[in-house]
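Novice: I have a structure I would like to understand better, so I am pasting it below and will then ask my questions one at a time.
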Amino acid sequence: MKRNKYIDIAYIIIIGITLGAVLATGIFVAPVVFNSAKYLGEEILSHYQEGLLMTAIFLKMNYLLNFTAFLIIIREAYAFKLFERDRITVAAAITSVFAIFMFTLYYTPDIVAMQMAGEEMTGSETFDKVHKASEIDFKLLALSLAVLMGRRIINLNRR
């Protein structure tokens with residue numbers, strides 16, 4: 001079986017787009033949304049409302065994340081079948097898929113459910129712990145996607 005270099009390039013681009021979305025959301029979007037009063041000049045939105053907006057952004061981004069996870073599974077399974085077994089790439093791929101599915105299938109639904117329970121619930125210790133864990137997961141996702149993209153770029157030039 002032969003690898004198609006153009007498929008690998010497309011794969012790297014999609015990983016890069018996903019990494020860019022993760023970084024942009026965490027670095028640019030969240031700080032602006034959660035500090036809306038600073039940018040609007042007055043407190044128009046409550047912290048709860050800001051959280052609802054951020055959740056809406058994440059719900060849309062979850063489509064890209066899940067698509068990327070399935071793409072990683074397919075591409076890395078194919079690489080494994082071709083005996084392209086690089087430990088760092090495999091570890092980064094597994095970590096990326098795990099982090100994506102934890103975020104999209106566990107943390108996001110939990111946060112949405114707590115938000116639906118009302119503003120009081122989002123002020124609870126449980127919500128705070130779930131939110132902090134989702135932030136750690138998101139950072140792990142960014143790191144693992146960066147490593148996976150880097151390794152795939154390196155491996156692209158080796159074959």
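Chain identifiers are assigned as A, B, and so on, following the order in which chains appear in the structure tokens; residues are numbered from 1 within each chain, and ligands are numbered from 1 in order of appearance.
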Name the residues in contact with region 48-65 of chain A at a cut-off of 9 Å, using only C-alpha atoms, excluding same-chain residues fewer than 2 positions from it; report them as a PyMOL selection string.

Specialist: chain A and resi 18+21-22+25+29-30+33-36+45-46+67-70+97+100-101+103-104+108+111-112+115+118-119+122-123

Novice: Please build the interface table for region 56-129 of chain A against region 145-155 of chain A with a cut-off of 8 Å, listing for each qualifying residue the nearest atom pair and the distance in Å to one decimal; count only C-alpha atoms, order rows by chain and increasing number, and write it as a Markdown table.

Specialist:
```
| residue | atom | partner | partner_atom | distance |
| --- | --- | --- | --- | --- |
| A:Ile88 | CA | A:Arg151 | CA | 7.5 |
| A:Thr89 | CA | A:Leu148 | CA | 5.6 |
| A:Ala92 | CA | A:Leu148 | CA | 5.2 |
| A:Ala93 | CA | A:Leu148 | CA | 6.2 |
| A:Ser96 | CA | A:Leu145 | CA | 6.0 |
```

Novice: Using only C-alpha atoms, pick whichever of A:Met121, A:Val32, A:Leu71, A:Leu23 has the shortest atom-to-atom distance to Ile7 (chain A).

Specialist: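 Checking each candidate against Ile7 (chain A), we get A:Leu71 as the closest.
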
Novice: Which value, in Å to one decimal, gives the distance between CA of Glu135 (chain A) and CA of Ile27 (chain A)?

Specialist: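 Between CA of Glu135 (chain A) and CA of Ile27 (chain A) the gap works out to 11.7 Å.
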
Novice: Looking at only C-alpha atoms, which of A:Val130, A:Ile73, A:Ala24, A:Ile44 is the one that sits closest to Thr95 (chain A)?

Specialist: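 For Thr95 (chain A), the nearest of the given residues is A:Ile73.
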
Novice: What is the CA of Ala91 (chain A)-CA of Ala133 (chain A) distance in Å, reported with one decimal?

Specialist: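 CA of Ala133 (chain A) lies at a distance of 20.7 Å from CA of Ala91 (chain A).
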
Novice: Write down as a ChimeraX atom specification the residues of region 29-92 of chain A whose backbone DSSP state falls under helix (DSSP H, G or I).

Specialist: /A:29-33,36-40,47-81,87-92

Novice: With C-alpha atoms retained, export the selected residues as an mmCIF file, in the first residue's frame.

Specialist:
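Below you can see out-v4.cif, which holds the result:
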```cif
data_model
loop_
_atom_site.group_PDB
_atom_site.id
_atom_site.type_symbol
_atom_site.label_atom_id
_atom_site.label_comp_id
_atom_site.auth_asym_id
_atom_site.auth_seq_id
_atom_site.Cartn_x
_atom_site.Cartn_y
_atom_site.Cartn_z
ATOM 1 C CA VAL A 29 -12.634 34.519 22.453
ATOM 2 C CA ALA A 30 -13.031 33.419 26.087
ATOM 3 C CA PRO A 31 -11.179 36.401 27.617
ATOM 4 C CA VAL A 32 -13.296 38.826 25.596
ATOM 5 C CA VAL A 33 -16.621 37.095 26.246
ATOM 6 C CA SER A 36 -17.687 41.885 28.158
ATOM 7 C CA ALA A 37 -18.169 44.857 30.508
ATOM 8 C CA LYS A 38 -14.609 45.970 29.784
ATOM 9 C CA TYR A 39 -15.375 46.122 26.061
ATOM 10 C CA LEU A 40 -18.972 47.368 26.242
ATOM 11 C CA HIS A 47 -21.323 36.167 34.105
ATOM 12 C CA TYR A 48 -24.023 33.536 33.587
ATOM 13 C CA GLN A 49 -25.040 35.086 30.256
ATOM 14 C CA GLU A 50 -21.408 35.300 29.187
ATOM 15 C CA GLY A 51 -21.126 31.594 29.981
ATOM 16 C CA LEU A 52 -24.151 30.852 27.827
ATOM 17 C CA LEU A 53 -22.514 32.656 24.900
ATOM 18 C CA MET A 54 -19.264 30.782 25.400
ATOM 19 C CA THR A 55 -21.141 27.487 25.535
ATOM 20 C CA ALA A 56 -22.858 28.313 22.237
ATOM 21 C CA ILE A 57 -19.438 28.865 20.677
ATOM 22 C CA PHE A 58 -18.151 25.567 22.050
ATOM 23 C CA LEU A 59 -21.238 23.688 20.854
ATOM 24 C CA LYS A 60 -20.528 24.861 17.303
ATOM 25 C CA MET A 61 -16.824 24.115 17.624
ATOM 26 C CA ASN A 62 -17.579 20.585 18.834
ATOM 27 C CA TYR A 63 -18.563 19.669 15.262
ATOM 28 C CA LEU A 64 -15.040 20.497 14.086
ATOM 29 C CA LEU A 65 -13.503 18.711 17.068
ATOM 30 C CA ASN A 66 -15.476 15.502 16.517
ATOM 31 C CA PHE A 67 -14.742 15.558 12.782
ATOM 32 C CA THR A 68 -11.040 15.934 13.566
ATOM 33 C CA ALA A 69 -11.160 13.092 16.102
ATOM 34 C CA PHE A 70 -12.659 10.718 13.539
ATOM 35 C CA LEU A 71 -10.124 11.849 10.956
ATOM 36 C CA ILE A 72 -7.276 11.200 13.406
ATOM 37 C CA ILE A 73 -8.629 7.730 14.154
ATOM 38 C CA ILE A 74 -8.872 6.860 10.454
ATOM 39 C CA ARG A 75 -5.501 8.330 9.448
ATOM 40 C CA GLU A 76 -3.556 6.924 12.361
ATOM 41 C CA ALA A 77 -5.169 3.475 12.012
ATOM 42 C CA TYR A 78 -4.105 3.508 8.369
ATOM 43 C CA ALA A 79 -0.575 4.541 9.366
ATOM 44 C CA PHE A 80 -0.516 1.722 11.898
ATOM 45 C CA LYS A 81 -1.592 -0.718 9.184
ATOM 46 C CA ARG A 87 5.534 6.334 19.492
ATOM 47 C CA ILE A 88 5.252 10.104 19.812
ATOM 48 C CA THR A 89 2.735 10.347 16.973
ATOM 49 C CA VAL A 90 0.647 7.490 18.360
ATOM 50 C CA ALA A 91 0.678 8.995 21.861
ATOM 51 C CA ALA A 92 -0.259 12.446 20.540
#
```

Novice: CA of Thr126 (chain A) and CA of Tyr106 (chain A), how far apart in Å?

Specialist: 14.2 Å
